[in-house]
Amino acid sequence: MNYLNESRASLLAELAKLRAAYENIVAQGLSLDLSRGKPSAEQLDLSMPMLSLPAEDVIRARDGFDCRNYGVLLGLPEMREFWSSLTGIPAKNIMVGGNSSLNMMYDAIARAMLFGVADSVRPWGKEETVKFLCPVPGYDRHFAICETMGIEMIPVPMTPNGPDMDEVERLVADPAVRGIWCVPKYANPTGITYSDEVVRRLASMPTAAPDFRIFWDNAYMIHDIADEGDVLLDIFAEAKRAGNENRVFFFASTSKVTFPGAGVAMMAMSDADLALAAPIAGAQTIGPDKLNQLRHLAFLPDAAAVKNLMKKHAVFLGRRFEIVLDALREDLAQTGVASWTEPKGGYFISLDVLEGTAKRVYELCTEAGVVLTKVGATFPYGKDPENKNLRLAPSYPSEADLAKAVRVLTVAVRVAALEKLTA
Ligand SMILES: Cc1ncc(COP(=O)(O)O)c(C=O)c1O
């Protein structure tokens with residue numbers, strides 16, 4: 001039934017039926033969670049062999065350096081080469097960090113605020129206003145960094161090909177706009193991948209701020225679920241080609257390859273920016289955890305080993321994505337009150353419900369024992385102006401729990417829409 005074409009009487013009848021179904025669900029006293037974008041225990045088990053490597057095999061770097069000791073600020077050369085082989089970025093432009101790319105993003109902004117970046121006239125923090133473009137829906141933790149630093153956030157709508165570039169190009173004519181957040185492949189939460197045209201426009205557009213930076217958070221760059229994953233253009237090379245060599249700050253980690261919270265993160269930047277960042281990073285730490293780098297290199301010696309591991313992750317993720325997508329298609333496709341993305345990889349599905357009803361869906365799910373990501377979390381300042389976006393994270397629950405949770409969700413989406421349409 002398409003709710004948008006039905007008479008009020010038949011909508012009320014449908015609402016009564018679904019309310020009864022909803023009451024039945026509430027009576028079951030469920031406790032389920034669709035909010036956590038983290039790997040399942042089965043996925044974590046895939047990397048357990050990394051933790052039982054013979055200790056003597058993972059203490060010496062390629063050049064014989066004893067990694068149990070301090071040093072090697074930018075990361076082991078072999079770890080920088082590992083990231084180079086996955087990203088296509090020259091190893092000399094890569095800095096290896098600790099366990100978290102988000103940490104490196106925070107540090108990159110903190111450095112920019114305190115010291116500026118290459119091309120800055122003065123530190124960003126000395127500017128009257130610093131603004132960042134935030135494609136929406138987007139990743140709440142990016143927005144939290146900006147909020148913590150007092151950076152003003154400007155939402156930019158996402159399209160199926162990436163951020164609305166006409167809008168981006170218009171906004172970067174403001175010299176206060178210093179950066180943009182991008183999750184360019186399997187974006188959190190829409191799951192879309194930026195088109196070649198979007199990447200080229202981002203790399204080449206004129207910006208009023210000479211020190212404008214793209215925060216290219218490629219968290220899901222190798223996280224294909226479909227056999228034929230999306231292909232993303234190399235923005236680092238495109239920016240260089242366009243004469244904007246300093247424009248890109250590129251981030252990635254093995255968080256959802258091996259262990260979130262115990263992986264290896266990286267940041268890539270131009271020669272000029274690395275020359276500025278390294279001494280500051282050197283004041284912050286004597287060096288990263290190289291034993292973890294060695295463990296990762298022993299477990300994942302090359303790009304083929306990484307690909308093989310990601311294919312195993314994809315089996316678990318693929319089944320869970322299908323459970324959610326099947327339920328959405330079966331229960332919501334006809335109703336005309338919901339639309340969603342069907343990503344080929346990553347960790348999220350973005351669901352748009354009838355405008356003005358997302359908070360009610362959240363409420364109904366909570367009452368029925370299903371936790372969703374908070375409405376608004378995918379927008380700067382926690383405010384979804386249309387109150388319609390929900391981020392679904394299928395990866396963590398068991399398949400049985402997921403199947404139950406998503407049916408509760410589809411009932412809630414329909415009840416909330418019918419309540420609004422019959423109000
Ligand atoms: C887009 C995005 N970036 C970064 C992270 C966190 O990465 P890390 O574990 O390397 O800090 C996540 C985790 O969910 C993410 O979705």
# chains A, B, ... in the order shown; residues from 1 in each chain; ligands from 1
call {"tool": "residues_near_ligand", "arguments": {"ligand": "ligand 1", "cutoff": "9 Å", "atoms": "only C-alpha atoms and all ligand atoms", "output": "PyMOL selection string"}}
result
chain A and resi 36-38+98-105+138-142+182-184+186-189+217-220+251-256+259-266+346-348
call {"tool": "residues_around", "arguments": {"residues": "stretch 199-215 of chain A", "least_positions_apart": "2", "cutoff": "8 Å", "atoms": "only C-alpha atoms", "output": "count of residues only"}}
result
36
call {"tool": "residues_around", "arguments": {"residues": "A:Pro90", "least_positions_apart": "2", "cutoff": "12 Å", "atoms": "only C-alpha atoms", "output": "PyMOL selection string"}}
result
chain A and resi 77+80-88+92-95+234+236-237+267-271
call {"tool": "select_by_dssp", "arguments": {"residues": "stretch 80-126 of chain A", "states": "helix (DSSP H, G or I)", "output": "list in words"}}
result
Arg80, Glu81, Phe82, Trp83, Ser84, Ser85, Leu86, Thr87, Ala91, Lys92, Asn93, Ser101, Leu102, Asn103, Met104, Met105, Tyr106, Asp107, Ala108, Ile109, Ala110, Arg111, Ala112, Met113, Leu114, Phe115, Trp124, Gly125 and Lys126 of chain A
call {"tool": "closest_residue", "arguments": {"among": "A:Ala27, A:Val353, A:Val136, A:Ala21", "to": "A:Gly382", "atoms": "only C-alpha atoms"}}
result
A:Val136
call {"tool": "atom_distance", "arguments": {"atom1": "atom CA of A:Ala338", "atom2": "atom CA of A:Asp352"}}
result
5.5 Å
call {"tool": "select_by_dssp", "arguments": {"residues": "stretch 106-187 of chain A", "states": "strand (DSSP E)", "output": "ChimeraX atom specification"}}
result
/A:131-136,152-159,162-163,177-182
call {"tool": "write_last_selection", "arguments": {"atoms": "N, CA, C and O atoms", "output": "short mmCIF file (atom, residue, chain, number, x, y, z; two decimals), in the first residue's frame"}}
result
data_model
loop_
_atom_site.label_atom_id
_atom_site.label_comp_id
_atom_site.auth_asym_id
_atom_site.auth_seq_id
_atom_site.Cartn_x
_atom_site.Cartn_y
_atom_site.Cartn_z
N LYS A 131 35.49 28.16 9.64
CA LYS A 131 34.30 27.38 9.27
C LYS A 131 34.71 26.12 8.53
O LYS A 131 35.70 26.13 7.79
N PHE A 132 33.95 25.06 8.72
CA PHE A 132 34.15 23.81 8.00
C PHE A 132 32.86 23.41 7.28
O PHE A 132 31.76 23.58 7.83
N LEU A 133 33.02 22.86 6.09
CA LEU A 133 31.86 22.32 5.38
C LEU A 133 31.66 20.87 5.84
O LEU A 133 32.61 20.10 5.94
N CYS A 134 30.40 20.55 6.10
CA CYS A 134 30.07 19.22 6.62
C CYS A 134 28.99 18.59 5.73
O CYS A 134 27.80 18.91 5.90
N PRO A 135 29.39 17.74 4.80
CA PRO A 135 28.37 17.04 4.03
C PRO A 135 27.45 16.25 4.97
O PRO A 135 27.94 15.61 5.91
N VAL A 136 26.13 16.37 4.74
CA VAL A 136 25.17 15.72 5.62
C VAL A 136 24.20 14.83 4.84
O VAL A 136 23.84 15.18 3.71
N GLU A 152 32.94 26.63 13.27
CA GLU A 152 31.54 26.71 12.84
C GLU A 152 31.29 25.73 11.70
O GLU A 152 32.06 25.67 10.74
N MET A 153 30.21 24.98 11.81
CA MET A 153 29.94 23.94 10.80
C MET A 153 28.83 24.38 9.86
O MET A 153 27.80 24.88 10.29
N ILE A 154 29.09 24.17 8.56
CA ILE A 154 28.08 24.51 7.55
C ILE A 154 27.66 23.23 6.86
O ILE A 154 28.48 22.59 6.18
N PRO A 155 26.40 22.82 7.00
CA PRO A 155 25.97 21.58 6.35
C PRO A 155 25.89 21.75 4.83
O PRO A 155 25.51 22.81 4.34
N VAL A 156 26.28 20.71 4.12
CA VAL A 156 26.17 20.68 2.65
C VAL A 156 25.45 19.38 2.31
O VAL A 156 25.85 18.32 2.80
N PRO A 157 24.41 19.45 1.47
CA PRO A 157 23.69 18.20 1.19
C PRO A 157 24.53 17.19 0.42
O PRO A 157 25.34 17.56 -0.43
N MET A 158 24.34 15.93 0.76
CA MET A 158 24.97 14.84 0.00
C MET A 158 24.06 14.49 -1.17
O MET A 158 22.84 14.55 -1.06
N THR A 159 24.68 14.11 -2.28
CA THR A 159 23.94 13.57 -3.42
C THR A 159 24.41 12.12 -3.57
O THR A 159 25.34 11.71 -2.86
N GLY A 162 28.26 12.17 -3.97
CA GLY A 162 29.13 12.92 -3.06
C GLY A 162 28.47 14.23 -2.69
O GLY A 162 27.29 14.44 -2.97
N PRO A 163 29.22 15.14 -2.05
CA PRO A 163 28.61 16.41 -1.66
C PRO A 163 28.15 17.20 -2.88
O PRO A 163 28.71 17.05 -3.96
N VAL A 177 36.10 29.77 5.35
CA VAL A 177 35.94 28.31 5.20
C VAL A 177 37.31 27.69 4.99
O VAL A 177 37.97 27.91 3.99
N ARG A 178 37.73 26.92 5.99
CA ARG A 178 39.09 26.39 6.00
C ARG A 178 39.16 24.91 5.64
O ARG A 178 40.24 24.37 5.37
N GLY A 179 38.02 24.21 5.68
CA GLY A 179 38.11 22.77 5.43
C GLY A 179 36.77 22.14 5.13
O GLY A 179 35.72 22.79 5.23
N ILE A 180 36.85 20.89 4.74
CA ILE A 180 35.65 20.08 4.51
C ILE A 180 35.93 18.67 5.00
O ILE A 180 37.04 18.15 4.84
N TRP A 181 34.94 18.08 5.62
CA TRP A 181 35.01 16.67 6.03
C TRP A 181 34.50 15.80 4.89
O TRP A 181 33.41 16.05 4.38
N CYS A 182 35.26 14.78 4.54
CA CYS A 182 34.80 13.86 3.51
C CYS A 182 35.06 12.43 3.95
O CYS A 182 36.17 12.10 4.40
#
call {"tool": "closest_residue", "arguments": {"among": "A:Asp230, A:Tyr3, A:Met79, A:Val198", "to": "A:Asp164", "atoms": "only C-alpha atoms"}}
result
A:Val198
call {"tool": "closest_residue", "arguments": {"among": "A:Glu127, A:Asp107, A:Glu355, A:Glu399", "to": "A:Pro385", "atoms": "only C-alpha atoms"}}
result
A:Glu355
call {"tool": "closest_residue", "arguments": {"among": "A:Val315, A:Leu297, A:Leu74, A:Met1", "to": "A:His223", "atoms": "only C-alpha atoms"}}
result
A:Val315
call {"tool": "residues_around", "arguments": {"residues": "A:Leu300", "least_positions_apart": "3", "cutoff": "10 Å", "atoms": "only C-alpha atoms", "output": "list in words"}}
result
Ser47, Met50, Phe82, Val257, Thr258, Leu294, Arg295, His296, Leu297, Ala303, Ala304, Ala305, Val306, Lys307, Asn308 and Leu309 of chain A
call {"tool": "residues_around", "arguments": {"residues": "A:Leu418", "least_positions_apart": "2", "cutoff": "10 Å", "atoms": "only C-alpha atoms", "output": "PyMOL selection string"}}
result
chain A and resi 3-4+8+11-16+18+337+354+357+412-416+420-423
call {"tool": "atom_distance", "arguments": {"atom1": "atom CA of A:Ile59", "atom2": "atom CA of A:Asp302"}}
result
18.7 Å
call {"tool": "residues_around", "arguments": {"residues": "A:Val26", "least_positions_apart": "2", "cutoff": "8 Å", "atoms": "only C-alpha atoms", "output": "JSON, numbers by chain"}}
result
{"A": [22, 23, 24, 28, 29, 30, 367, 368, 369]}
call {"tool": "write_last_selection", "arguments": {"atoms": "N, CA, C and O atoms", "output": "PDB file, in the first residue's frame"}}
result
ATOM      1  N   TYR A  22       2.631  -3.715  16.803  1.00  0.00           N
ATOM      2  CA  TYR A  22       3.630  -3.032  17.635  1.00  0.00           C
ATOM      3  C   TYR A  22       3.454  -3.430  19.114  1.00  0.00           C
ATOM      4  O   TYR A  22       4.430  -3.723  19.810  1.00  0.00           O
ATOM      5  N   GLU A  23       2.210  -3.463  19.576  1.00  0.00           N
ATOM      6  CA  GLU A  23       1.970  -3.833  20.982  1.00  0.00           C
ATOM      7  C   GLU A  23       2.478  -5.242  21.269  1.00  0.00           C
ATOM      8  O   GLU A  23       3.022  -5.526  22.331  1.00  0.00           O
ATOM      9  N   ASN A  24       2.287  -6.139  20.303  1.00  0.00           N
ATOM     10  CA  ASN A  24       2.810  -7.499  20.454  1.00  0.00           C
ATOM     11  C   ASN A  24       4.312  -7.500  20.620  1.00  0.00           C
ATOM     12  O   ASN A  24       4.868  -8.252  21.421  1.00  0.00           O
ATOM     13  N   GLN A  28       7.062  -8.447  24.034  1.00  0.00           N
ATOM     14  CA  GLN A  28       8.154  -9.435  24.037  1.00  0.00           C
ATOM     15  C   GLN A  28       9.350  -8.999  24.880  1.00  0.00           C
ATOM     16  O   GLN A  28      10.252  -9.804  25.143  1.00  0.00           O
ATOM     17  N   GLY A  29       9.386  -7.721  25.272  1.00  0.00           N
ATOM     18  CA  GLY A  29      10.488  -7.235  26.113  1.00  0.00           C
ATOM     19  C   GLY A  29      11.851  -7.411  25.466  1.00  0.00           C
ATOM     20  O   GLY A  29      12.790  -7.909  26.087  1.00  0.00           O
ATOM     21  N   LEU A  30      11.985  -6.996  24.207  1.00  0.00           N
ATOM     22  CA  LEU A  30      13.253  -7.185  23.485  1.00  0.00           C
ATOM     23  C   LEU A  30      14.345  -6.260  24.024  1.00  0.00           C
ATOM     24  O   LEU A  30      14.058  -5.238  24.653  1.00  0.00           O
ATOM     25  N   GLU A 367      10.981   2.282  22.950  1.00  0.00           N
ATOM     26  CA  GLU A 367       9.941   1.659  23.787  1.00  0.00           C
ATOM     27  C   GLU A 367       9.841   0.165  23.552  1.00  0.00           C
ATOM     28  O   GLU A 367       9.517  -0.601  24.452  1.00  0.00           O
ATOM     29  N   ALA A 368      10.150  -0.243  22.331  1.00  0.00           N
ATOM     30  CA  ALA A 368      10.057  -1.665  21.996  1.00  0.00           C
ATOM     31  C   ALA A 368      11.390  -2.387  22.229  1.00  0.00           C
ATOM     32  O   ALA A 368      11.546  -3.552  21.869  1.00  0.00           O
ATOM     33  N   GLY A 369      12.356  -1.686  22.828  1.00  0.00           N
ATOM     34  CA  GLY A 369      13.619  -2.339  23.186  1.00  0.00           C
ATOM     35  C   GLY A 369      14.646  -2.386  22.072  1.00  0.00           C
ATOM     36  O   GLY A 369      15.587  -3.182  22.128  1.00  0.00           O
TER      37      GLY A 369
END
call {"tool": "residues_around", "arguments": {"residues": "A:Arg320", "least_positions_apart": "5", "cutoff": "12 Å", "atoms": "only C-alpha atoms", "output": "number ranges by chain"}}
result
A: 34, 39-40, 225, 313-315, 325-327, 345-349, 392-406
call {"tool": "write_last_selection", "arguments": {"atoms": "N, CA and C atoms", "output": "mmCIF file, in the first residue's frame"}}
result
data_model
loop_
_atom_site.group_PDB
_atom_site.id
_atom_site.type_symbol
_atom_site.label_atom_id
_atom_site.label_comp_id
_atom_site.auth_asym_id
_atom_site.auth_seq_id
_atom_site.Cartn_x
_atom_site.Cartn_y
_atom_site.Cartn_z
ATOM 1 N N LEU A 34 20.726 -1.506 17.155
ATOM 2 C CA LEU A 34 21.063 -1.259 15.732
ATOM 3 C C LEU A 34 21.964 -0.031 15.582
ATOM 4 N N PRO A 39 32.629 -4.005 14.279
ATOM 5 C CA PRO A 39 32.623 -5.390 13.788
ATOM 6 C C PRO A 39 32.010 -6.345 14.811
ATOM 7 N N SER A 40 31.426 -7.430 14.313
ATOM 8 C CA SER A 40 30.890 -8.474 15.190
ATOM 9 C C SER A 40 32.043 -9.287 15.770
ATOM 10 N N ILE A 225 31.879 -4.972 0.269
ATOM 11 C CA ILE A 225 31.038 -6.132 0.603
ATOM 12 C C ILE A 225 30.692 -6.862 -0.691
ATOM 13 N N HIS A 313 35.729 -10.688 5.984
ATOM 14 C CA HIS A 313 34.818 -9.752 6.674
ATOM 15 C C HIS A 313 33.520 -9.592 5.872
ATOM 16 N N ALA A 314 33.688 -9.524 4.558
ATOM 17 C CA ALA A 314 32.540 -9.237 3.694
ATOM 18 C C ALA A 314 31.462 -10.317 3.798
ATOM 19 N N VAL A 315 31.874 -11.543 4.094
ATOM 20 C CA VAL A 315 30.878 -12.614 4.213
ATOM 21 C C VAL A 315 29.929 -12.300 5.378
ATOM 22 N N LEU A 325 18.360 -5.050 4.367
ATOM 23 C CA LEU A 325 17.821 -4.541 3.098
ATOM 24 C C LEU A 325 16.582 -5.329 2.678
ATOM 25 N N ASP A 326 16.597 -6.657 2.885
ATOM 26 C CA ASP A 326 15.418 -7.462 2.537
ATOM 27 C C ASP A 326 14.188 -6.974 3.313
ATOM 28 N N ALA A 327 14.382 -6.719 4.605
ATOM 29 C CA ALA A 327 13.241 -6.284 5.425
ATOM 30 C C ALA A 327 12.746 -4.906 4.978
ATOM 31 N N GLY A 345 29.491 -1.529 0.316
ATOM 32 C CA GLY A 345 30.531 -1.747 1.313
ATOM 33 C C GLY A 345 30.327 -0.825 2.493
ATOM 34 N N GLY A 346 31.302 -0.830 3.403
ATOM 35 C CA GLY A 346 31.211 0.036 4.573
ATOM 36 C C GLY A 346 30.429 -0.615 5.694
ATOM 37 N N TYR A 347 29.921 0.226 6.598
ATOM 38 C CA TYR A 347 29.280 -0.285 7.813
ATOM 39 C C TYR A 347 27.849 0.216 8.025
ATOM 40 N N PHE A 348 27.353 1.061 7.117
ATOM 41 C CA PHE A 348 26.081 1.705 7.438
ATOM 42 C C PHE A 348 25.093 1.712 6.274
ATOM 43 N N ILE A 349 23.829 1.806 6.674
ATOM 44 C CA ILE A 349 22.754 2.069 5.719
ATOM 45 C C ILE A 349 22.057 3.324 6.239
ATOM 46 N N LEU A 392 21.513 3.261 10.221
ATOM 47 C CA LEU A 392 21.398 1.861 10.647
ATOM 48 C C LEU A 392 22.767 1.193 10.578
ATOM 49 N N ALA A 393 23.096 0.470 11.629
ATOM 50 C CA ALA A 393 24.393 -0.210 11.695
ATOM 51 C C ALA A 393 24.149 -1.713 11.841
ATOM 52 N N PRO A 394 24.228 -2.444 10.738
ATOM 53 C CA PRO A 394 23.871 -3.868 10.801
ATOM 54 C C PRO A 394 24.980 -4.800 11.300
ATOM 55 N N SER A 395 26.208 -4.292 11.479
ATOM 56 C CA SER A 395 27.339 -5.215 11.622
ATOM 57 C C SER A 395 27.399 -5.969 12.941
ATOM 58 N N TYR A 396 26.992 -5.371 14.037
ATOM 59 C CA TYR A 396 27.335 -5.914 15.353
ATOM 60 C C TYR A 396 26.387 -6.986 15.905
ATOM 61 N N PRO A 397 25.074 -6.844 15.774
ATOM 62 C CA PRO A 397 24.191 -7.851 16.385
ATOM 63 C C PRO A 397 24.323 -9.213 15.694
ATOM 64 N N SER A 398 23.858 -10.254 16.390
ATOM 65 C CA SER A 398 23.790 -11.569 15.737
ATOM 66 C C SER A 398 22.760 -11.480 14.612
ATOM 67 N N GLU A 399 22.837 -12.409 13.674
ATOM 68 C CA GLU A 399 21.884 -12.353 12.555
ATOM 69 C C GLU A 399 20.444 -12.486 13.060
ATOM 70 N N ALA A 400 20.239 -13.330 14.071
ATOM 71 C CA ALA A 400 18.880 -13.535 14.592
ATOM 72 C C ALA A 400 18.363 -12.240 15.229
ATOM 73 N N ASP A 401 19.210 -11.585 16.016
ATOM 74 C CA ASP A 401 18.801 -10.335 16.675
ATOM 75 C C ASP A 401 18.542 -9.240 15.634
ATOM 76 N N LEU A 402 19.407 -9.212 14.641
ATOM 77 C CA LEU A 402 19.264 -8.184 13.605
ATOM 78 C C LEU A 402 17.930 -8.336 12.874
ATOM 79 N N ALA A 403 17.607 -9.587 12.553
ATOM 80 C CA ALA A 403 16.362 -9.852 11.822
ATOM 81 C C ALA A 403 15.165 -9.355 12.637
ATOM 82 N N LYS A 404 15.205 -9.580 13.968
ATOM 83 C CA LYS A 404 14.100 -9.108 14.818
ATOM 84 C C LYS A 404 14.092 -7.581 14.881
ATOM 85 N N ALA A 405 15.285 -7.015 15.094
ATOM 86 C CA ALA A 405 15.374 -5.556 15.301
ATOM 87 C C ALA A 405 14.861 -4.793 14.077
ATOM 88 N N VAL A 406 15.211 -5.265 12.900
ATOM 89 C CA VAL A 406 14.842 -4.494 11.710
ATOM 90 C C VAL A 406 13.334 -4.563 11.443
#
call {"tool": "atom_distance", "arguments": {"atom1": "atom CA of A:Ser350", "atom2": "atom CA of A:Phe321"}}
result
11.7 Å
